[in-house]
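A short write-up of the structure that comes next.
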Amino acid sequence: MERAEVTAVVGLGANLGDPAQALQDALTVLSEYPGIRVTKSSSLYRSAPVGAGGPDYINAVAEVATTLTAMELLEALQSIEQDFGRDRPYPNAPRTMDLDLLLYGDARVASPTLTVPHPRMWARAFVLVPLAEIAPDRVSPAALLAVADQDVVRCGDPHGTLDTQG
């Protein structure tokens with residue numbers, strides 16, 4: 001018996017190689033992954049790295065419908081990261097792909113390997129701005145105001161022509 005679909009939100013980011021193309025490719029891979037269906041995706045946004053150096057990031061947020069459990073979805077996201085050449089030499093290192101499970105329905109998960117909602121999402125404009133684009137009911141004006149000092153620039157639509165130069 002197949003599990004009922006849950007609406008989850010995934011954050012996507014990359015700052016090595018061709019990050020805009022990598023995010024487009026990751027959305028395709030996500031949509032083809034068994035048990036995951038991409039229902040919405042935000043525009044792409046450019047932001048400076050948080051807590052590290054390196055090139056600017058390109059970020060987006062995708063809403064997915066999934067029959068996977070939260071842990072299975074996390075494992076799928078980590079597998080996709082590995083397929084994109086993700087390396088974790090140190091915390092906040094530049095990366096070819098970063099996929100974060102931000103929300104999993106209304107669930108609250110606190111385990112050694114997974115915390116949902118994502119513990120830092122409410123402090124990051126590069127998550128909240130694209131999330132507000134695709135799910136405005138999930139992000140309050142106060143939450144956006146709290147991260148207004150963080151520079152996040154929309155650089156295009158994941159399904160159209162991109163201006164990733166800002």
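Chain lettering (A, B, ...) mirrors the order of the structure tokens, residue numbering begins at 1 for each chain separately, and ligand numbering begins at 1 in order of display.
When the distance limit is 9 Å and only C-alpha atoms are what count, the residues near segment 140-146 of chain A, minus those fewer than 4 positions from it on the same chain, are Trp122, Ala123, Ala125, Leu128, Val129, Ala132 and Pro136 of chain A.
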Grab the residues selected above and save them as a short mmCIF file (atom, residue, chain, number, x, y, z; two decimals), in the first residue's frame with N, CA and C atoms.
```
data_model
loop_
_atom_site.label_atom_id
_atom_site.label_comp_id
_atom_site.auth_asym_id
_atom_site.auth_seq_id
_atom_site.Cartn_x
_atom_site.Cartn_y
_atom_site.Cartn_z
N TRP A 122 14.65 30.23 8.95
CA TRP A 122 14.01 31.51 9.26
C TRP A 122 15.01 32.64 9.40
N ALA A 123 16.31 32.33 9.38
CA ALA A 123 17.36 33.35 9.48
C ALA A 123 18.03 33.61 8.13
N ALA A 125 17.65 34.81 4.20
CA ALA A 125 16.87 35.43 3.13
C ALA A 125 16.89 34.57 1.87
N LEU A 128 13.98 32.28 2.53
CA LEU A 128 12.66 32.89 2.74
C LEU A 128 12.14 33.65 1.52
N VAL A 129 13.02 34.33 0.80
CA VAL A 129 12.56 35.10 -0.36
C VAL A 129 12.02 34.16 -1.45
N ALA A 132 8.74 32.60 -0.18
CA ALA A 132 7.62 33.55 -0.25
C ALA A 132 7.09 33.67 -1.68
N PRO A 136 3.49 32.12 -0.52
CA PRO A 136 3.46 33.34 0.30
C PRO A 136 2.77 33.14 1.65
#
```
**Study point:** Backbone-only DSSP, strand (DSSP E or B) members of segment 3-134 of chain A, as a PyMOL selection string
**Key:** chain A and resi 6-14+36-41+44-47+57-66+98-104+109-110+115-116
**Study point:** Polymer residues at most 8 Å from segment 36-42 of chain A, only C-alpha atoms, same-chain spacing of 5 or more positions, as a list in words
**Key:** Leu27, Leu30, Ser31, Ala60, Val61, Ala62, Glu63, Val64, Ala65, Thr66, Thr67, Leu68, Pro130, Leu131, Glu133, Ile134, Asp157 and Pro158 of chain A
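Nearest to Ser43 of chain A of all the residues A:Arg95, A:Arg138, A:His118, A:Arg154 is A:Arg154, based on only C-alpha atoms.
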Check your understanding: Could you pull the residues within 12 Å of Gly17 of chain A, counting only C-alpha atoms, minus those fewer than 6 positions along the same chain, as a PyMOL selection string?
Key -> chain A and resi 23+54-58+84-86+94-97
Practice item. Determine which residues of segment 2-164 of chain A receive a DSSP assignment of helix (DSSP H, G or I), computed from the backbone, and state them as an MDAnalysis selection string. Key: chainID A and resid 19:32 70:83 121:123 125:134 136:138 141:146
**Study point:** d(atom CA of Val152 of chain A, atom CA of Ser79 of chain A) in Å
**Key:** 27.7 Å
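Distance check against Leu16 of chain A using only C-alpha atoms: of A:Thr28, A:Asp87, A:Ala4, A:Thr115, the minimum falls on A:Asp87.
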Exercise for review: Do a neighbour search on Gln150 of chain A at 9 Å with only C-alpha atoms, toss out local chain neighbours closer than 4 positions, and write the hits as a list in words.
Suggested key: Ser47, Ala48, Arg124, Ala125 and Phe126 of chain A
Next, write the just-selected residues to a file, as a compact mmCIF listing (two decimals), in the first residue's frame, keeping N, CA and C atoms as the atom set.
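Now in part.txt:
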```
# COMPACT_ATOMS: atom_id res chain seq x y z
N SER A 47 23.08 35.03 -3.93
CA SER A 47 23.38 35.53 -2.59
C SER A 47 24.83 35.24 -2.26
N ALA A 48 25.38 36.04 -1.37
CA ALA A 48 26.75 35.82 -0.90
C ALA A 48 26.76 34.60 0.03
N ARG A 124 17.52 33.00 7.07
CA ARG A 124 18.20 33.07 5.77
C ARG A 124 17.30 33.63 4.68
N ALA A 125 17.65 34.81 4.20
CA ALA A 125 16.87 35.43 3.13
C ALA A 125 16.89 34.57 1.87
N PHE A 126 18.01 33.87 1.61
CA PHE A 126 18.08 33.07 0.39
C PHE A 126 17.14 31.88 0.42
```
Check your understanding: Counting only C-alpha atoms, what is within 9 Å of Gln78 of chain A, bar same-chain residues fewer than 6 positions away, as a ChimeraX atom specification?
Key -> /A:86,98-100
